[in-house]
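Note sheet for the following structure.
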Amino acid sequence: MGAPTTPAATGTPPRPIPGVPPAHRALTRPRRRLVAAAAALVALAAVGAGSLLDLRTPAPKPADAPAGEFSAGRAYQDVEVIAARSHVAGSPANEQVRAHLEQQLRGLGLETEVQDAVAPEAGQLSGAAGGATVARVRNVVARLPGTDSTGRVFLVSHYDSVQTGPGGNDDAAGTSTILEVARALTTGPRPRNDIVFVLTDAEEACLCGAAAFAASHPLAADGGVVLNLEARGSTGPVIMFETSRNNAKLVDIFGRAAPHPVGTSFAVEIYRALPNDTDFTAFLDQKFVGLNSAYIDGGAIYHTPLDTPAAMDRGSLQQHGDNALGLAREFGGTDLTDLRSGHDATYFPVPGGLVRYPGWLTLPLALLAVALVAALAWLTRRSGRASTGRLAAGFALTLVPIVAAPVAAQLLWLAITTIRPGYAELLDPYRPIWYRLAVLALATAIVFTWYALTRRRIGPAALAVGGLAWLAVLGVLLAVAVPGGAYLTTLPALAGALGGLVALRTRQTGPWPVVAVTAAAAVGVVILLPTVVLLFPALGMAMGGVAALVAVLLGLVALPVVDLLHPQAGGQRGLLALRARRLAVLPAGAAAVAAVVLAGVGLAVDRFDAAHPAPTHLMYAMDAGTGQARWLSHESDPQPWTDGYVDGVTDVGDDFPGLGDGELRSGPAQSANLPAPKLEVVADATAGGERTLRLRLTPQRTARLATLHVDTSTATVLRADVAGRSVPVEPRAGKWGFGLVFHAPPAEGVEVTLTLRPIAGQVALRAMDASDGLDALPGFRPRPPAVGVVGSHSSEMLAVARTYPI
């Protein structure tokens with residue numbers, strides 16, 4: 001196998017490896033290559049299995065579990081009541097859910113009230129239109145007084161659902177969890193701190209319930225710790241995906257008090273950058289601190305009629321409850337006067353717990369990784385395993401799989417959605433596992449192919465160092481731009497560099513070099529493999545390229561182990577060299593075949609049927625003044641059922657500003673006998689060139705929302721009040737330059753006061769209301785069993801509008 005080549009520490013020239021060109025010299029040269037490869041792969045497989053098993057949800061506890069424990073069996077009984085049917089904010093069904101929540105909390109002896117308020121939106125959501133958004137909300141609030149309170153702990157979830165589904169997971173899971181946690185807390189000693197249970201209204205519409213509580217409820221006046229519970233799917237581990245800033249103390253409590261702590265600082269960084277919001281946003285706006293958690297796999301049913309209690313994974317419910325109860329008890333007994341630290345923590349899950357360290361270490365660790373990789377490159381060159389040119393080529397060529405794998409993954413999904421266009425309307429396929437495995441197989445094929453093509457010319461050692469160099473460079477970039485995500489590349493680069501240094505400083509033909517590089521690869525597996533698994537449901541298959549990228553980074557950490565799968569190229573010539581090259585491409589070929597087969601299995605298995613319908617989007621909009629009506633759809637490439645209603649593209653902004661701006665698919669529809677909302681002038685006064693209109697907007701049918709827009713070519717809106725609450729005046733593009741949306745309007749209507757500067761003799765106002773359900777409309781043909789409803793806030797919407805000159 002050749003003589004050992006580790007140079008002496010005294011600086012003597014490296015001893016050459018007889019018969020082995022520098023390009024073929026690896027970091028490890030075990031005598032029994034196949035045995036070493038098998039042992040290393042078994043070890044990494046065991047580490048990977050342990051990491052993934054740690055992400056499993058716990059077994060659900062039965063309804064007769066001890067009183068002080070959380071029981072998914074008991075909580076599920078509330079899920080069945082809460083999610084018996086769709087219960088959008090303001091609906092009679094939502095009132096029944098609210099009554100059940102009050103009854104349950106009062107039955108526990110808790111101080112319980114209903115906060116009835118009109119509140120503005122929170123975060124970036126704006127209901128159905130761009131403009132000021134408010135809602136009438138009724139939050140259910142209960143308090144468990146503490147014995148010596150240093151502050152308040154708020155357990156929060158929303159009890160309303162979308163109009164398109166009963167919300168069995170979103171958010172009957174969070175609401176039922178809070179009821180069961182409240183029950184468990186009342187069976188034991190009272191906590192030191194107040195525990196407040198907040199079940200919010202109108203989260204789906206505008207986060208208005210949380211905004212009302214956080215901004216105006218007396219219990220929220222002094223802030224506190226918020227634990228928000230959500231669900232965006234039907235299964236999977238509960239992930240703590242968002243925190244308030246300067247979270248180190250909060251994360252430390254989460255790591256030690258949550259029985260199943262799954263969360264990453266990378267997820268927090270990404271979520272902060274996205275325009276997504278939950279009730280947690282409203283509390284952050286009011287300077288609360290806290291943690292936001294949800295389970296997110298099984299996203300195909302999100303916001304659809306399939307989000308029923310039966311779809312819920314009760315293991316996910318159990319994890320929600322175990323964590324919420326553990327955190328409530330811990331925060332309930334903690335001094336809450338100072339939970340803010342001066343920095344965010346870096347953290348990620350490992351088997352048995354949560355690794356966490358101060359965020360200020362991020363950049364120093366990233367720079368240390370660069371230094372260690374540089375030292376490895378120097379020692380690799382000095383030991384005769386690679387020249388400076390080969391090291392530079394290895395670094396440059398490693399960019400190929402880093403770029404190629406994500407691009408290939410995106411092209412694969414483009415091909416799949418071309419075959420099955422209905423996927424474009426889903427967060428994820430109904431059965432995504434086959435496609436996820438196909439992406440991983442594709443990334444593996446690209447790494448193996450790249451390695452087989454470059455190994456002989458550039459050399460295994462140069463490529464291994466090049467891969468670690470990219471990890472180290474990415475670690476520095478992430479440390480500057482996305483500090484919470486830097487650990488993903490910094491720690492594997494550190495481990496890989498240390499493993500390589502150990503391998504080069506020990507006897508090359510013994511077991512320790514293989515042990516060193518395998519241990520280094522194991523660090524990458526522990527950090528990166530769970531990240532890949534969690535990224536798929538978090539981002540969906542439409543962004544599977546991100547998971548492919550992380551999979552490639554994992555492959556780069558493991559290159560010295562990957563090299564053991566290749567025959568030792570000791571300068572062979574002729575048939576021996578040809579045989580070695582053929583053997584080298586076998587893993588790449590097998591992975592490529594697996595990618596094709598897995599994608600094909602996915603297409604064969606995940607077909608649309610009655611239990612897994614193809615999602616479609618359809619609305620109906622009518623102008624009550626002209627009697628003209630049309631079908632509308634957000635589908636860019638209408639599916640066959642939708643195509644029966646729409647035949648072109650139109651911009652609805654001028655006719656239905658309450659539906660928002662932008663082009664929609666459109667088709668003619670029969671006019672229905674539906675009244676427009678009534679707009680009455682309560683008072684009209686002019687002074688100092690300003691006209692003040694006090695109006696009452698009253699839907700004439702059961703409506704989920706009502707909108708009012710002003711034609712700003714007839715007047716400029718200076719100030720606006722809705723139900724006595726001032727709302728921002730933010731001009732919009734287009735004809736209707738000012739708009740407002742009111743969710744859950746009461747039957748008696750909504751009072752709106754507008755202060756205007758007239759431009760024309762009459763002010764033109766456009767009123768619209770919207771209800772849900774298309775079945776009773778003329779010309780509507782019910783969906784076939786295999787055709788479903790897309791999870792959109794405007795699916796099945798029935799809008800009626802009219803212009804009022806005043």
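In the structure tokens, each chain is lettered A, B, ... as it comes, each chain's residues begin at 1, and ligands are numbered from 1 in order of appearance.
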Could you give me, as a list in words, the residues within 8 Å of Gly689 of chain A, counting only C-alpha atoms and dropping anything in the same chain fewer than 3 positions from it?
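The contact residues come out as Thr686, Arg757 and Pro758 of chain A.
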I'd like the contact shell of Ala629 of chain A - 6 Å cut-off, only C-alpha atoms, skipping same-chain residues fewer than 3 positions apart - returned as a PyMOL selection string.
chain A and resi 621-622+669+671
I need the residue nearest Val717 of chain A from this list: A:Ala392, A:Ala212, A:Val546, A:Val763. Use only C-alpha atoms for the distance.
A:Val763
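Interatomic distance, atom CA of Ala205 of chain A against atom CA of Arg98 of chain A: 16.7 Å.
Proximity to Arg56 of chain A was assessed for A:Gly791, A:Gly315, A:Pro364, A:Gly342 counting only C-alpha atoms; the smallest distance is recorded for A:Gly315.
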List as a list in words the protein and nucleic acid residues near Gly332 of chain A, meaning an atom at most 9 Å away when only C-alpha atoms are counted, but skip any in the same chain fewer than 3 places from it.
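Surrounding residues, per the criterion: Gly146, Ser149, Gly151, Arg152, Val153, Arg190, Pro191, Arg192, Asn193, Asp194, Ile195, Leu327, Ala328, Arg329, Asp335 and Leu336 of chain A.
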Would you save the residues of that selection, restricted to N, CA and C atoms, as a CSV table (one decimal), in the first residue's frame?
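out-v3.csv was written with the following content:
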chain,number,residue,atom,x,y,z
A,146,GLY,N,-50.6,33.8,40.1
A,146,GLY,CA,-49.4,33.3,40.8
A,146,GLY,C,-49.4,33.6,42.2
A,149,SER,N,-46.0,36.8,42.0
A,149,SER,CA,-45.7,37.0,40.6
A,149,SER,C,-44.6,38.0,40.4
A,151,GLY,N,-44.1,38.6,37.1
A,151,GLY,CA,-44.5,38.9,35.7
A,151,GLY,C,-45.5,37.9,35.2
A,152,ARG,N,-45.9,38.0,33.9
A,152,ARG,CA,-46.9,37.1,33.4
A,152,ARG,C,-46.4,36.2,32.3
A,153,VAL,N,-46.9,35.0,32.2
A,153,VAL,CA,-46.6,34.1,31.1
A,153,VAL,C,-47.9,33.9,30.3
A,190,ARG,N,-50.0,26.0,42.7
A,190,ARG,CA,-50.0,27.2,41.8
A,190,ARG,C,-48.6,27.7,41.5
A,191,PRO,N,-48.4,28.2,40.3
A,191,PRO,CA,-47.1,28.7,40.0
A,191,PRO,C,-46.8,30.0,40.7
A,192,ARG,N,-45.5,30.4,40.7
A,192,ARG,CA,-45.1,31.6,41.3
A,192,ARG,C,-45.7,32.8,40.5
A,193,ASN,N,-45.6,32.7,39.1
A,193,ASN,CA,-46.0,33.8,38.3
A,193,ASN,C,-47.4,33.6,37.7
A,194,ASP,N,-48.1,34.7,37.3
A,194,ASP,CA,-49.4,34.6,36.7
A,194,ASP,C,-49.3,33.8,35.4
A,195,ILE,N,-50.2,32.9,35.1
A,195,ILE,CA,-50.3,32.3,33.8
A,195,ILE,C,-51.6,32.8,33.1
A,327,LEU,N,-42.7,24.3,29.6
A,327,LEU,CA,-42.3,25.7,29.5
A,327,LEU,C,-43.1,26.5,30.4
A,328,ALA,N,-44.4,26.3,30.5
A,328,ALA,CA,-45.3,27.0,31.4
A,328,ALA,C,-44.9,26.9,32.8
A,329,ARG,N,-44.5,25.6,33.2
A,329,ARG,CA,-44.1,25.4,34.6
A,329,ARG,C,-42.7,26.1,34.8
A,335,ASP,N,-37.9,33.9,37.7
A,335,ASP,CA,-37.9,35.4,37.9
A,335,ASP,C,-37.9,36.0,36.5
A,336,LEU,N,-39.1,36.6,36.2
A,336,LEU,CA,-39.3,37.1,34.8
A,336,LEU,C,-38.8,38.6,34.6
Excluding same-chain residues fewer than 3 positions from Val652 of chain A, what lies within 8 Å of it counting only C-alpha atoms, as number ranges by chain?
A: 655-657, 659-664
Using the selection just defined, write its residues with N, CA and C atoms as a short mmCIF file (atom, residue, chain, number, x, y, z; two decimals), in the first residue's frame.
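Output (selection_3.cif):
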data_model
loop_
_atom_site.label_atom_id
_atom_site.label_comp_id
_atom_site.auth_asym_id
_atom_site.auth_seq_id
_atom_site.Cartn_x
_atom_site.Cartn_y
_atom_site.Cartn_z
N ASP A 655 -62.89 47.47 -10.77
CA ASP A 655 -64.25 47.05 -10.48
C ASP A 655 -64.42 46.48 -9.07
N PHE A 656 -63.40 45.79 -8.60
CA PHE A 656 -63.49 45.16 -7.28
C PHE A 656 -62.20 45.42 -6.50
N PRO A 657 -61.99 46.66 -6.08
CA PRO A 657 -60.75 46.97 -5.36
C PRO A 657 -60.63 46.20 -4.06
N LEU A 659 -60.83 43.15 -3.74
CA LEU A 659 -60.15 41.90 -4.03
C LEU A 659 -58.66 42.09 -4.24
N GLY A 660 -58.20 43.32 -4.16
CA GLY A 660 -56.79 43.59 -4.35
C GLY A 660 -56.46 43.89 -5.79
N ASP A 661 -55.23 44.30 -6.01
CA ASP A 661 -54.77 44.63 -7.36
C ASP A 661 -54.21 43.39 -8.04
N GLY A 662 -54.02 43.50 -9.32
CA GLY A 662 -53.40 42.41 -10.07
C GLY A 662 -54.37 41.72 -11.00
N GLU A 663 -53.80 40.98 -11.94
CA GLU A 663 -54.60 40.29 -12.93
C GLU A 663 -55.04 38.93 -12.43
N LEU A 664 -56.28 38.56 -12.75
CA LEU A 664 -56.84 37.26 -12.40
C LEU A 664 -57.41 36.63 -13.65
#
Quick one: residues within 12 Å of Ala542 of chain A, only C-alpha atoms counted, chain neighbours fewer than 6 positions away excluded, as a ChimeraX atom specification?
/A:406-407,409-417,423-429,432,435-436,439,535-536,548
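If you measure from each of A:Thr444, A:Ser726, A:Asn673, A:Gln639 to Ala592 of chain A using only C-alpha atoms, the closest one turns out to be A:Thr444.
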Select, from A:Glu113, A:Asp609, A:Asp277, A:Glu204, the residue with the minimum atom-to-atom distance to Gln163 of chain A, counting only C-alpha atoms.
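Among the listed residues, the smallest separation from Gln163 of chain A belongs to A:Glu204.
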